[in-house]
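Participant: Below are the C-alpha cells for one structure; questions will follow.
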Amino acid sequence: MLGLYIHVPFCAKVCDYCDFSVLAAPERMYLEYLDLVLRELACVRGRYPEKWASIETLYLGGGTPSILPPELLVRLFSWLRDSGICIENLREASMEVNPESCLEERLDVAMAFGVNRFSVGIQTFDADLLKTIGRAHSVETGLRALDTLCSLKGRVQVNADLMFCLPNQSTETFLADVKRLSGYPLNHISFYGLNVSEHTVLGNRIQRGRLHVDEELYAPMYNGGVQILKEAGFERYEVSNFAKPGFESLHNKNYWNRGEYFGVGPGAHSYLGKIRFYAPEKYSRWKSFVQEGCAESLYSNDVLNRESAIAETIWLSLRQSAGLDVTRLASDFNYTLPESKIEHWVCKGYLQRSGNVVKLVGDGWLFMDQVVEDFMV
Ligand code: SF4
C-alpha cells in the first residue's frame, strides 16, 4: 500500500511538552506555506508519476491542519484532486483537528472533497492538567469539538486522543477521562504516555523539580485504560491504538507494516524502495529547499541496512496485536529469532506463540521495549 502524508507545521500555540517541528505563526504564513507545499507536492508527483497514481491513503497531519482557513483547505484539496488523487475513492483520507479550530466550515470543506476520518487531540478533560501541559484549548472547547465531530456520525470516522502519565495526574483522573471519552460514539481512541523531552518547557520544569511525573502510575493507568476500552467494545490493535472492529487506521497500519509512503512538508519522511528520505525540518530551511526545486540531493537519506531493517520489523510488528511472523522474518531477512529468546518471554508471560506468530500479551505490552531489545540482532 502507498500513503501520502502532508505535514501542516502550524499550531495555535506550541504545547509545553511538544518537540515536533511546529510553530505558532501569524496567519499570513499559512498562505506562503500552502504555495510551498503545493510546489513540493508537484515535485513529488513529477518525480514519481506511477507511484502517485497508486496512492491509497491520505493523512493531513501536523501540527494542526484544521488551523488552515477554508479557502486554503479548498486550494489544497482541489490541487490534490486535479493532480489525479480522487480523495473520495481513497481507502482512507484522514485529517487531524484540534479543538480550538474544530470548526464546521473547515470540516465541511474537507468532507466535500472526500475526507472520511477526523482525529482530534483532546488529551484530558481535566482543566488543571490542560493548563499544566500548555494546551491551547479548554475543557469546554474540547467537549464542543467532540459534539461537533460526533454529530457527523455515519458520514465520517472519528478518533480522539488522550494522554496519560501527565505531571500530577492521578490514575483515577486518567481512567475517568477514558471512561468519559468511551461514552462518545467514536470508532477509534488512542492514548499515549507522556514522553518528556528535556528540550521542552515541560521537560525543563520537571528537571528543575517544579513538576513531577510518577512513573509508577504508568502500568495501572495503561492497563486500566485498556480494560475500560475493551469493555466499551474497542480492540487494541496497536500498543496505543484502539478501534471498534473494522475501524483501524489504514494509513498508520501501513507505517507499522513498513509499507511505502510519501511525506510532504517540513521534515516529513518518505519511504520508498527501502530508502527513507526527508526534507529539512526547520521551516526556513524547508522553504529554501522548496524554492530551490526540492533537489533530490537536498533530502536527508536513511538507507536501512539489514540489521536496521530487522530491528525495525521486530519493533513495528510487536507493537501491533497482529504480532511478529517469525517465518516471514526468516524468509525476508535470513534471520532466525533464537527459540531460547522466544521461550524466555513466553515463560515470563509477556509473549504468546501461535503458529509462526509471536504476540505480546499481559504485561508484555508494558515491557515491550525490553522484549524488542532482546530480539534485536
Ligand atoms: S497540538 Fe500537537 S503538534 Fe501542536 S504543539 Fe501541541 S502537541 Fe505539538
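Residue numbering restarts at 1 in every chain; chains get A, B, ... in the order shown in the C-alpha cells, and ligands count up from 1 in that same order.
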Fewer than 2 positions away in the same chain doesn't count, so skip those; otherwise give me all residues within 12 Å of A:Ile310, counting only C-alpha atoms, as a PDB file with N, CA and C atoms, in the first residue's frame.
Facilitator:
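Produced file result-v4.pdb, reproduced below:
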```
ATOM      1  N   ARG A 258       5.496  -1.370   7.414  1.00  0.00           N
ATOM      2  CA  ARG A 258       6.640  -0.972   6.587  1.00  0.00           C
ATOM      3  C   ARG A 258       6.257  -0.861   5.113  1.00  0.00           C
ATOM      4  N   LEU A 304      18.404   1.811   4.993  1.00  0.00           N
ATOM      5  CA  LEU A 304      18.378   0.823   6.074  1.00  0.00           C
ATOM      6  C   LEU A 304      19.241  -0.374   5.709  1.00  0.00           C
ATOM      7  N   ASN A 305      20.243  -0.651   6.557  1.00  0.00           N
ATOM      8  CA  ASN A 305      20.997  -1.882   6.324  1.00  0.00           C
ATOM      9  C   ASN A 305      20.189  -3.063   6.867  1.00  0.00           C
ATOM     10  N   ARG A 306      20.703  -4.263   6.682  1.00  0.00           N
ATOM     11  CA  ARG A 306      19.932  -5.455   7.062  1.00  0.00           C
ATOM     12  C   ARG A 306      19.579  -5.423   8.540  1.00  0.00           C
ATOM     13  N   GLU A 307      20.550  -5.088   9.393  1.00  0.00           N
ATOM     14  CA  GLU A 307      20.309  -5.098  10.844  1.00  0.00           C
ATOM     15  C   GLU A 307      19.211  -4.103  11.207  1.00  0.00           C
ATOM     16  N   SER A 308      19.281  -2.905  10.623  1.00  0.00           N
ATOM     17  CA  SER A 308      18.265  -1.883  10.955  1.00  0.00           C
ATOM     18  C   SER A 308      16.892  -2.328  10.475  1.00  0.00           C
ATOM     19  N   GLU A 312      13.745  -2.861  12.861  1.00  0.00           N
ATOM     20  CA  GLU A 312      12.518  -2.094  12.612  1.00  0.00           C
ATOM     21  C   GLU A 312      11.319  -3.034  12.448  1.00  0.00           C
ATOM     22  N   THR A 313      11.540  -4.138  11.733  1.00  0.00           N
ATOM     23  CA  THR A 313      10.441  -5.093  11.534  1.00  0.00           C
ATOM     24  C   THR A 313       9.978  -5.679  12.868  1.00  0.00           C
ATOM     25  N   ILE A 314      10.937  -6.037  13.714  1.00  0.00           N
ATOM     26  CA  ILE A 314      10.584  -6.613  15.017  1.00  0.00           C
ATOM     27  C   ILE A 314       9.804  -5.599  15.843  1.00  0.00           C
ATOM     28  N   TRP A 315      10.323  -4.398  15.913  1.00  0.00           N
ATOM     29  CA  TRP A 315       9.699  -3.354  16.748  1.00  0.00           C
ATOM     30  C   TRP A 315       8.300  -2.991  16.239  1.00  0.00           C
ATOM     31  N   LEU A 316       8.192  -2.794  14.924  1.00  0.00           N
ATOM     32  CA  LEU A 316       6.901  -2.367  14.379  1.00  0.00           C
ATOM     33  C   LEU A 316       5.864  -3.494  14.409  1.00  0.00           C
ATOM     34  N   SER A 317       6.325  -4.739  14.341  1.00  0.00           N
ATOM     35  CA  SER A 317       5.381  -5.859  14.371  1.00  0.00           C
ATOM     36  C   SER A 317       4.898  -6.127  15.791  1.00  0.00           C
ATOM     37  N   LEU A 324       4.415 -10.602  15.428  1.00  0.00           N
ATOM     38  CA  LEU A 324       5.571 -10.780  14.540  1.00  0.00           C
ATOM     39  C   LEU A 324       5.558 -12.182  13.938  1.00  0.00           C
ATOM     40  N   VAL A 326       7.524 -14.893  12.613  1.00  0.00           N
ATOM     41  CA  VAL A 326       8.951 -15.237  12.641  1.00  0.00           C
ATOM     42  C   VAL A 326       9.389 -15.979  11.380  1.00  0.00           C
ATOM     43  N   ARG A 328       8.239 -15.332   8.385  1.00  0.00           N
ATOM     44  CA  ARG A 328       8.419 -14.287   7.367  1.00  0.00           C
ATOM     45  C   ARG A 328       9.709 -13.497   7.625  1.00  0.00           C
ATOM     46  N   LEU A 329       9.994 -13.279   8.912  1.00  0.00           N
ATOM     47  CA  LEU A 329      11.240 -12.586   9.274  1.00  0.00           C
ATOM     48  C   LEU A 329      12.430 -13.376   8.728  1.00  0.00           C
ATOM     49  N   ALA A 330      12.349 -14.701   8.877  1.00  0.00           N
ATOM     50  CA  ALA A 330      13.439 -15.558   8.405  1.00  0.00           C
ATOM     51  C   ALA A 330      13.547 -15.516   6.883  1.00  0.00           C
ATOM     52  N   SER A 331      12.386 -15.553   6.198  1.00  0.00           N
ATOM     53  CA  SER A 331      12.473 -15.588   4.731  1.00  0.00           C
ATOM     54  C   SER A 331      12.836 -14.206   4.167  1.00  0.00           C
ATOM     55  N   ASP A 332      12.369 -13.129   4.805  1.00  0.00           N
ATOM     56  CA  ASP A 332      12.681 -11.785   4.280  1.00  0.00           C
ATOM     57  C   ASP A 332      14.133 -11.387   4.532  1.00  0.00           C
ATOM     58  N   PHE A 333      14.657 -11.810   5.700  1.00  0.00           N
ATOM     59  CA  PHE A 333      15.987 -11.299   6.079  1.00  0.00           C
ATOM     60  C   PHE A 333      17.017 -12.392   6.375  1.00  0.00           C
ATOM     61  N   ASN A 334      16.607 -13.632   6.170  1.00  0.00           N
ATOM     62  CA  ASN A 334      17.505 -14.736   6.511  1.00  0.00           C
ATOM     63  C   ASN A 334      17.959 -14.596   7.976  1.00  0.00           C
ATOM     64  N   TYR A 335      17.013 -14.289   8.837  1.00  0.00           N
ATOM     65  CA  TYR A 335      17.325 -14.122  10.263  1.00  0.00           C
ATOM     66  C   TYR A 335      16.334 -14.953  11.090  1.00  0.00           C
ATOM     67  N   THR A 336      16.864 -15.920  11.808  1.00  0.00           N
ATOM     68  CA  THR A 336      16.005 -16.762  12.637  1.00  0.00           C
ATOM     69  C   THR A 336      16.091 -16.296  14.087  1.00  0.00           C
ATOM     70  N   LEU A 337      14.953 -15.912  14.616  1.00  0.00           N
ATOM     71  CA  LEU A 337      14.892 -15.473  16.011  1.00  0.00           C
ATOM     72  C   LEU A 337      15.198 -16.679  16.906  1.00  0.00           C
ATOM     73  N   VAL A 372      11.654  -6.220  22.757  1.00  0.00           N
ATOM     74  CA  VAL A 372      12.177  -5.828  21.437  1.00  0.00           C
ATOM     75  C   VAL A 372      13.706  -5.761  21.477  1.00  0.00           C
ATOM     76  N   GLU A 373      14.232  -5.157  22.528  1.00  0.00           N
ATOM     77  CA  GLU A 373      15.697  -5.018  22.646  1.00  0.00           C
ATOM     78  C   GLU A 373      16.365  -6.395  22.657  1.00  0.00           C
ATOM     79  N   PHE A 375      15.291  -9.015  21.265  1.00  0.00           N
ATOM     80  CA  PHE A 375      15.155  -9.668  19.948  1.00  0.00           C
ATOM     81  C   PHE A 375      16.024  -9.035  18.862  1.00  0.00           C
ATOM     82  N   MET A 376      16.589  -7.870  19.164  1.00  0.00           N
ATOM     83  CA  MET A 376      17.383  -7.194  18.142  1.00  0.00           C
ATOM     84  C   MET A 376      18.609  -8.031  17.798  1.00  0.00           C
ATOM     85  N   VAL A 377      19.091  -7.869  16.580  1.00  0.00           N
ATOM     86  CA  VAL A 377      20.242  -8.671  16.115  1.00  0.00           C
ATOM     87  C   VAL A 377      21.480  -8.319  16.940  1.00  0.00           C
TER      88      VAL A 377
END
```
Participant: Please list as an MDAnalysis selection string every residue within 12 Å of A:Asp147, counting only C-alpha atoms and excluding residues in the same chain fewer than 2 positions away.
Facilitator: chainID A and resid 99 102:104 120 140:145 149:153 158 160 181 183:186
Participant: Enumerate as a ChimeraX atom specification the residues within 9 Å of ligand 1, counting only C-alpha atoms and all ligand atoms.
Facilitator: /A:9-24,61-64,97-98,121,134-136
Participant: Using the selection just defined, write its residues with N, CA and C atoms as a short mmCIF file (atom, residue, chain, number, x, y, z; two decimals), in the first residue's frame.
Facilitator:
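File written: again-v7.cif
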```cif
data_model
loop_
_atom_site.label_atom_id
_atom_site.label_comp_id
_atom_site.auth_asym_id
_atom_site.auth_seq_id
_atom_site.Cartn_x
_atom_site.Cartn_y
_atom_site.Cartn_z
N PRO A 9 2.69 22.59 9.50
CA PRO A 9 3.58 22.80 10.65
C PRO A 9 3.12 23.89 11.63
N PHE A 10 1.83 24.23 11.62
CA PHE A 10 1.38 25.33 12.49
C PHE A 10 0.45 24.84 13.59
N CYS A 11 0.54 25.50 14.74
CA CYS A 11 -0.39 25.24 15.85
C CYS A 11 -0.78 26.58 16.45
N ALA A 12 -1.96 26.62 17.07
CA ALA A 12 -2.43 27.86 17.68
C ALA A 12 -1.43 28.31 18.75
N LYS A 13 -0.85 27.33 19.41
CA LYS A 13 0.13 27.58 20.48
C LYS A 13 0.97 26.31 20.57
N VAL A 14 2.25 26.46 20.82
CA VAL A 14 3.07 25.26 20.96
C VAL A 14 2.88 24.72 22.38
N CYS A 15 2.40 23.49 22.47
CA CYS A 15 2.14 22.89 23.79
C CYS A 15 3.47 22.74 24.55
N ASP A 16 3.38 22.77 25.87
CA ASP A 16 4.61 22.80 26.67
C ASP A 16 5.41 21.50 26.60
N TYR A 17 4.80 20.42 26.10
CA TYR A 17 5.50 19.14 26.02
C TYR A 17 5.92 18.81 24.59
N CYS A 18 5.62 19.70 23.65
CA CYS A 18 5.77 19.35 22.23
C CYS A 18 7.21 19.47 21.76
N ASP A 19 7.70 18.43 21.12
CA ASP A 19 9.02 18.55 20.49
C ASP A 19 8.94 18.21 19.01
N PHE A 20 7.75 18.46 18.42
CA PHE A 20 7.60 18.26 16.98
C PHE A 20 8.07 19.52 16.23
N SER A 21 8.13 19.38 14.92
CA SER A 21 8.52 20.51 14.09
C SER A 21 7.29 21.38 13.81
N VAL A 22 6.93 22.23 14.77
CA VAL A 22 5.75 23.08 14.60
C VAL A 22 6.04 24.49 15.09
N LEU A 23 5.24 25.45 14.63
CA LEU A 23 5.40 26.81 15.10
C LEU A 23 4.04 27.49 15.24
N ALA A 24 3.96 28.43 16.18
CA ALA A 24 2.76 29.26 16.31
C ALA A 24 3.05 30.50 15.48
N GLY A 61 -1.70 15.83 8.52
CA GLY A 61 -1.36 15.86 9.94
C GLY A 61 -0.48 17.04 10.29
N GLY A 62 -0.02 17.05 11.52
CA GLY A 62 0.82 18.18 11.90
C GLY A 62 1.33 18.03 13.32
N GLY A 63 1.45 19.19 13.99
CA GLY A 63 0.80 20.42 13.69
C GLY A 63 -0.72 20.31 13.77
N THR A 64 -1.34 21.30 13.19
CA THR A 64 -2.80 21.38 13.25
C THR A 64 -3.37 21.73 11.88
N VAL A 97 -7.46 17.38 13.63
CA VAL A 97 -8.03 18.67 14.04
C VAL A 97 -7.71 18.87 15.52
N ASN A 98 -7.61 20.12 15.92
CA ASN A 98 -7.50 20.40 17.35
C ASN A 98 -8.76 21.14 17.78
N GLY A 121 -7.29 15.94 19.02
CA GLY A 121 -6.45 15.84 20.21
C GLY A 121 -7.16 16.42 21.43
N GLY A 134 0.03 22.97 28.93
CA GLY A 134 0.07 24.11 28.00
C GLY A 134 -0.71 23.93 26.72
N ARG A 135 -1.85 23.25 26.79
CA ARG A 135 -2.68 23.10 25.59
C ARG A 135 -3.38 24.42 25.27
N ALA A 136 -3.75 24.58 24.00
CA ALA A 136 -4.40 25.82 23.58
C ALA A 136 -5.89 25.82 23.90
#
```
Participant: List every residue of stretch 263-322 of chain A that DSSP, applied to the backbone of this structure, assigns to alpha helix (DSSP H), and report them as a list in words.
Facilitator: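 Everything in stretch 263-322 of chain A that counts as alpha helix (DSSP H) is Tyr283, Ser284, Arg285, Trp286, Lys287, Ser288, Phe289, Val290, Gln291, Arg306, Glu307, Ser308, Ala309, Ile310, Ala311, Glu312, Thr313, Ile314, Trp315, Leu316, Ser317 and Leu318 of chain A.
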Participant: Please list as a compact mmCIF listing (two decimals) with N, CA and C atoms, in the first residue's frame every residue within 9 Å of A:Asp374, counting only C-alpha atoms and excluding residues in the same chain fewer than 4 positions away.
Facilitator:
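Result saved to selection12.txt:
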```txt
# COMPACT_ATOMS: atom_id res chain seq x y z
N LYS A 341 15.17 -17.32 23.11
CA LYS A 341 14.70 -15.98 23.45
C LYS A 341 13.17 -15.95 23.48
N ASP A 369 9.55 -2.66 25.18
CA ASP A 369 10.91 -2.23 24.81
C ASP A 369 11.96 -3.27 25.20
N GLN A 370 11.76 -3.89 26.37
CA GLN A 370 12.72 -4.92 26.81
C GLN A 370 12.69 -6.13 25.87
```
Participant: Need to verify the contact set: A:Arg180, 12 Å, only C-alpha atoms, exclusion of same-chain residues closer than 6 positions in sequence. Can you return it as a list in words?
Facilitator: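 Here the answer would be Ile122, Thr124, Phe125, Asp126, Leu143, Leu146, Ala160, Leu162, Glu172, Thr173, Phe174, Leu186, Ile189, Gly225, Ile228, Leu229 and Ala232 of chain A.
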Participant: Go ahead and dump the residues you just picked, N, CA and C atoms, as a short mmCIF file (atom, residue, chain, number, x, y, z; two decimals), in the first residue's frame.
Facilitator:
```
data_model
loop_
_atom_site.label_atom_id
_atom_site.label_comp_id
_atom_site.auth_asym_id
_atom_site.auth_seq_id
_atom_site.Cartn_x
_atom_site.Cartn_y
_atom_site.Cartn_z
N ILE A 122 -7.76 15.55 22.22
CA ILE A 122 -8.46 16.00 23.44
C ILE A 122 -7.48 16.04 24.61
N THR A 124 -6.97 15.48 27.69
CA THR A 124 -7.56 15.24 29.01
C THR A 124 -8.80 16.13 29.16
N PHE A 125 -9.70 15.72 30.06
CA PHE A 125 -10.87 16.55 30.38
C PHE A 125 -10.63 17.32 31.68
N ASP A 126 -9.41 17.30 32.18
CA ASP A 126 -9.12 17.97 33.45
C ASP A 126 -8.54 19.36 33.16
N LEU A 143 -14.98 19.62 24.67
CA LEU A 143 -16.30 18.96 24.64
C LEU A 143 -17.10 19.40 23.42
N LEU A 146 -15.86 17.58 20.40
CA LEU A 146 -16.34 16.18 20.36
C LEU A 146 -17.80 16.14 19.89
N ALA A 160 -10.28 10.07 18.77
CA ALA A 160 -9.87 11.08 19.74
C ALA A 160 -8.68 10.56 20.54
N LEU A 162 -6.05 10.75 23.88
CA LEU A 162 -5.85 11.14 25.28
C LEU A 162 -4.37 10.97 25.61
N GLU A 172 -6.95 7.74 38.88
CA GLU A 172 -8.41 7.93 38.84
C GLU A 172 -8.78 8.98 37.79
N THR A 173 -8.02 10.06 37.75
CA THR A 173 -8.33 11.13 36.78
C THR A 173 -8.22 10.60 35.36
N PHE A 174 -7.13 9.86 35.09
CA PHE A 174 -6.96 9.36 33.72
C PHE A 174 -8.06 8.36 33.37
N LEU A 186 -17.63 7.20 19.23
CA LEU A 186 -16.40 7.23 18.44
C LEU A 186 -16.11 5.82 17.94
N ILE A 189 -10.03 5.26 19.47
CA ILE A 189 -9.46 6.06 20.56
C ILE A 189 -7.98 5.69 20.67
N GLY A 225 -6.84 1.69 31.43
CA GLY A 225 -7.42 2.27 30.20
C GLY A 225 -7.77 1.20 29.19
N ILE A 228 -11.01 -0.57 30.29
CA ILE A 228 -12.23 0.24 30.06
C ILE A 228 -12.61 0.21 28.58
N LEU A 229 -11.60 0.37 27.73
CA LEU A 229 -11.90 0.39 26.29
C LEU A 229 -12.37 -0.97 25.80
N ALA A 232 -15.85 -1.33 26.48
CA ALA A 232 -16.66 -0.46 25.62
C ALA A 232 -16.65 -0.91 24.16
#
```
Participant: For atom CA of A:Phe247 and atom CA of A:Asp325, quote the distance in Å rounded to one decimal.
Facilitator: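 Taking atom CA of A:Phe247 and atom CA of A:Asp325, their separation equals 22.9 Å.
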Participant: Report as a PyMOL selection string all protein, DNA and RNA residues lying within 12 Å of A:Ala42, evaluated on only C-alpha atoms, omitting residues in the same chain fewer than 4 positions from it.
Facilitator: chain A and resi 35-38+46-49+52+76+79-80+82-84+264+290+293-294
Participant: Using C-alpha atoms, can you export the residues from the last selection as a CSV table (one decimal), in the first residue's frame?
Facilitator:
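Written output follows (selection_19.csv):
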```csv
chain,number,residue,atom,x,y,z
A,35,ASP,CA,2.2,27.8,-2.0
A,36,LEU,CA,5.4,26.0,-0.9
A,37,VAL,CA,3.7,22.7,-0.1
A,38,LEU,CA,1.9,22.6,-3.4
A,46,GLY,CA,6.5,14.8,-11.3
A,47,ARG,CA,9.2,12.5,-10.0
A,48,TYR,CA,7.0,9.5,-9.3
A,49,PRO,CA,4.0,9.7,-11.7
A,52,TRP,CA,1.4,8.9,-7.5
A,76,LEU,CA,-5.0,22.1,-1.1
A,79,TRP,CA,-4.8,20.6,-6.2
A,80,LEU,CA,-4.8,17.0,-5.0
A,82,ASP,CA,-6.6,17.9,-10.1
A,83,SER,CA,-3.3,16.0,-9.7
A,84,GLY,CA,-5.2,12.8,-10.1
A,264,VAL,CA,5.5,16.3,2.2
A,290,VAL,CA,11.3,24.1,-2.0
A,293,GLY,CA,13.2,23.0,-6.7
A,294,CYS,CA,13.2,20.2,-4.0
```
Participant: In terms of the shortest atom-to-atom distance over only C-alpha atoms, which of A:Lys51, A:Arg81, A:Lys179, A:His251 is closest to A:Val226?
Facilitator: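 Looking only at the distances to A:Val226, the closest residue turns out to be A:Lys179.
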Participant: Near A:Glu56, within 7 Å and counting only C-alpha atoms, which residues show up once chain neighbours fewer than 6 positions away are dropped, as a list in words?
Facilitator: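 What passes the distance filter is Met1, Leu2, Gly3, Leu90 and Arg91 of chain A.
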Participant: Could you tell me which of A:Arg106, A:His344, A:Arg39, A:Lys359 comes closest to A:Ile67 if we count only C-alpha atoms?
Facilitator: A:Arg106
Participant: Closest to A:Leu175 among A:Gly224, A:Pro65, A:Gly209, A:Pro70, using only C-alpha atoms?
Facilitator: A:Gly224
